[in-house]
Amino acid sequence: MDYDVNYIDEAYDPIKLNEIFIKEFIRFRKENNLTQDLLSKFSSVSRVKIARIEAGISSPSILSLLEILGPIGYTIKIEKVRRK
């Protein structure tokens, strides 16, 4: 049994993980063919707030993430970080 299957590969560095989150958030939006405006219309989060999250100006609350992701069929999950 592979016990590392639930681990992400990045070392725990909050700054680096935040950068990865922002890139993944933008990639997720684009892969789902959503503009910031369209994502805002599906969620109860303003386009300005989504833009600020993507620019790294503002960190989203868990509630904001759930409000953004829920209406389009996604959620968030906690993953264990593998320490190198």
# chains A, B, ... in the order shown; residues from 1 in each chain; ligands from 1

$ residues_around --residues "range 19-26 of chain A" --least-positions-apart "2" --cutoff "8 Å" --atoms "only C-alpha atoms" --output "ChimeraX atom specification"
/A:15-17,28-30,53-56

$ write_last_selection --atoms "C-alpha atoms" --output "PDB file, in the first residue's frame"
ATOM      1  CA  ILE A  15       4.605  31.731   0.403  1.00  0.00           C
ATOM      2  CA  LYS A  16       5.312  29.038  -2.193  1.00  0.00           C
ATOM      3  CA  LEU A  17       2.023  27.246  -1.515  1.00  0.00           C
ATOM      4  CA  PHE A  28      -8.831  25.980 -13.009  1.00  0.00           C
ATOM      5  CA  ARG A  29     -10.879  28.979 -14.144  1.00  0.00           C
ATOM      6  CA  LYS A  30      -9.399  28.986 -17.646  1.00  0.00           C
ATOM      7  CA  ILE A  53      -7.424  36.777  -5.460  1.00  0.00           C
ATOM      8  CA  GLU A  54      -5.773  36.022  -8.803  1.00  0.00           C
ATOM      9  CA  ALA A  55      -3.448  39.011  -8.502  1.00  0.00           C
ATOM     10  CA  GLY A  56      -2.351  37.906  -5.024  1.00  0.00           C
TER      11      GLY A  56
END

$ closest_atom_pairs --of "range 39-60 of chain A" --to "range 66-82 of chain A" --cutoff "10 Å" --atoms "only C-alpha atoms" --output "Markdown table"
| residue | atom | partner | partner_atom | distance |
| --- | --- | --- | --- | --- |
| A:Leu39 | CA | A:Ile68 | CA | 7.2 |
| A:Ser40 | CA | A:Ile68 | CA | 7.4 |
| A:Lys41 | CA | A:Ile68 | CA | 9.6 |
| A:Phe42 | CA | A:Pro71 | CA | 6.2 |
| A:Ser43 | CA | A:Ile68 | CA | 5.0 |
| A:Ser44 | CA | A:Glu67 | CA | 6.1 |
| A:Val45 | CA | A:Ile68 | CA | 6.4 |
| A:Ser46 | CA | A:Ile68 | CA | 9.5 |
| A:Ile50 | CA | A:Ile68 | CA | 8.6 |
| A:Pro60 | CA | A:Leu66 | CA | 9.8 |

$ write_last_selection --atoms "all heavy atoms" --output "JSON list (two decimals), in the first residue's frame"
[["chain", "number", "residue", "atom", "x", "y", "z"],
["A", 39, "LEU", "N", -17.38, 33.74, -13.92],
["A", 39, "LEU", "CA", -17.25, 33.05, -12.63],
["A", 39, "LEU", "C", -17.99, 33.83, -11.55],
["A", 39, "LEU", "O", -18.66, 33.26, -10.70],
["A", 39, "LEU", "CB", -15.77, 32.87, -12.27],
["A", 39, "LEU", "CG", -15.46, 32.06, -11.02],
["A", 39, "LEU", "CD1", -16.10, 30.67, -11.06],
["A", 39, "LEU", "CD2", -13.96, 31.95, -10.83],
["A", 40, "SER", "N", -17.89, 35.15, -11.61],
["A", 40, "SER", "CA", -18.59, 36.00, -10.66],
["A", 40, "SER", "C", -20.10, 35.84, -10.78],
["A", 40, "SER", "O", -20.81, 35.81, -9.78],
["A", 40, "SER", "CB", -18.20, 37.47, -10.89],
["A", 40, "SER", "OG", -18.98, 38.31, -10.09],
["A", 41, "LYS", "N", -20.59, 35.73, -12.01],
["A", 41, "LYS", "CA", -22.03, 35.58, -12.22],
["A", 41, "LYS", "C", -22.55, 34.25, -11.69],
["A", 41, "LYS", "O", -23.69, 34.17, -11.23],
["A", 41, "LYS", "CB", -22.36, 35.75, -13.70],
["A", 41, "LYS", "CG", -22.23, 37.19, -14.14],
["A", 41, "LYS", "CD", -22.49, 37.37, -15.61],
["A", 41, "LYS", "CE", -22.29, 38.85, -15.94],
["A", 41, "LYS", "NZ", -22.34, 39.11, -17.36],
["A", 42, "PHE", "N", -21.74, 33.19, -11.78],
["A", 42, "PHE", "CA", -22.15, 31.89, -11.26],
["A", 42, "PHE", "C", -22.10, 31.85, -9.74],
["A", 42, "PHE", "O", -22.81, 31.09, -9.10],
["A", 42, "PHE", "CB", -21.26, 30.77, -11.80],
["A", 42, "PHE", "CG", -21.58, 30.36, -13.21],
["A", 42, "PHE", "CD1", -20.62, 30.41, -14.19],
["A", 42, "PHE", "CD2", -22.86, 29.92, -13.55],
["A", 42, "PHE", "CE1", -20.90, 30.04, -15.49],
["A", 42, "PHE", "CE2", -23.16, 29.54, -14.85],
["A", 42, "PHE", "CZ", -22.17, 29.60, -15.82],
["A", 43, "SER", "N", -21.21, 32.65, -9.15],
["A", 43, "SER", "CA", -21.04, 32.64, -7.69],
["A", 43, "SER", "C", -21.61, 33.93, -7.12],
["A", 43, "SER", "O", -22.09, 34.79, -7.84],
["A", 43, "SER", "CB", -19.55, 32.52, -7.35],
["A", 43, "SER", "OG", -18.85, 33.69, -7.72],
["A", 44, "SER", "N", -21.52, 34.06, -5.82],
["A", 44, "SER", "CA", -21.96, 35.29, -5.18],
["A", 44, "SER", "C", -20.76, 36.17, -4.81],
["A", 44, "SER", "O", -20.83, 37.00, -3.93],
["A", 44, "SER", "CB", -22.78, 34.97, -3.92],
["A", 44, "SER", "OG", -22.00, 34.21, -3.02],
["A", 45, "VAL", "N", -19.65, 35.96, -5.53],
["A", 45, "VAL", "CA", -18.41, 36.69, -5.27],
["A", 45, "VAL", "C", -18.17, 37.66, -6.43],
["A", 45, "VAL", "O", -18.28, 37.27, -7.60],
["A", 45, "VAL", "CB", -17.22, 35.72, -5.11],
["A", 45, "VAL", "CG1", -15.92, 36.46, -4.90],
["A", 45, "VAL", "CG2", -17.49, 34.78, -3.94],
["A", 46, "SER", "N", -17.85, 38.90, -6.12],
["A", 46, "SER", "CA", -17.68, 39.91, -7.17],
["A", 46, "SER", "C", -16.47, 39.62, -8.06],
["A", 46, "SER", "O", -15.52, 38.98, -7.64],
["A", 46, "SER", "CB", -17.53, 41.30, -6.55],
["A", 46, "SER", "OG", -16.25, 41.44, -5.96],
["A", 50, "ILE", "N", -12.55, 38.30, -7.22],
["A", 50, "ILE", "CA", -11.88, 37.22, -7.94],
["A", 50, "ILE", "C", -10.57, 37.72, -8.55],
["A", 50, "ILE", "O", -9.54, 37.06, -8.45],
["A", 50, "ILE", "CB", -12.82, 36.61, -9.01],
["A", 50, "ILE", "CG1", -13.97, 35.87, -8.31],
["A", 50, "ILE", "CG2", -12.06, 35.68, -9.94],
["A", 50, "ILE", "CD1", -15.11, 35.46, -9.21],
["A", 60, "PRO", "N", -8.40, 34.68, -0.23],
["A", 60, "PRO", "CA", -9.82, 34.36, -0.06],
["A", 60, "PRO", "C", -10.07, 33.65, 1.26],
["A", 60, "PRO", "O", -9.24, 32.88, 1.73],
["A", 60, "PRO", "CB", -10.11, 33.43, -1.23],
["A", 60, "PRO", "CG", -8.81, 32.76, -1.49],
["A", 60, "PRO", "CD", -7.76, 33.81, -1.21]]

$ select_by_dssp --residues "chain A" --states "helix (DSSP H, G or I)" --output "JSON, numbers by chain"
{"A": [3, 4, 5, 6, 14, 15, 16, 17, 18, 19, 20, 21, 22, 23, 24, 25, 26, 27, 28, 29, 30, 31, 36, 37, 38, 39, 40, 41, 42, 47, 48, 49, 50, 51, 52, 53, 54, 55, 62, 63, 64, 65, 66, 67, 68, 69, 70, 71, 72]}

$ select_by_dssp --residues "chain A" --states "strand (DSSP E)" --output "list of chain:residue names"
A:Tyr7, A:Ile8, A:Lys80, A:Val81

$ write_last_selection --atoms "N, CA and C atoms" --output "short mmCIF file (atom, residue, chain, number, x, y, z; two decimals), in the first residue's frame"
data_model
loop_
_atom_site.label_atom_id
_atom_site.label_comp_id
_atom_site.auth_asym_id
_atom_site.auth_seq_id
_atom_site.Cartn_x
_atom_site.Cartn_y
_atom_site.Cartn_z
N TYR A 7 -0.47 12.63 -0.34
CA TYR A 7 0.41 13.74 -0.06
C TYR A 7 0.60 14.59 -1.31
N ILE A 8 0.73 15.91 -1.14
CA ILE A 8 1.18 16.74 -2.24
C ILE A 8 2.69 16.80 -2.15
N LYS A 80 -2.43 16.53 2.88
CA LYS A 80 -1.22 16.47 3.69
C LYS A 80 -0.03 16.83 2.82
N VAL A 81 0.90 17.58 3.39
CA VAL A 81 2.10 18.01 2.67
C VAL A 81 3.26 17.10 3.04
#

$ atom_distance --atom1 "CA of Lys49 in chain A" --atom2 "CA of Leu63 in chain A"
12.9 Å
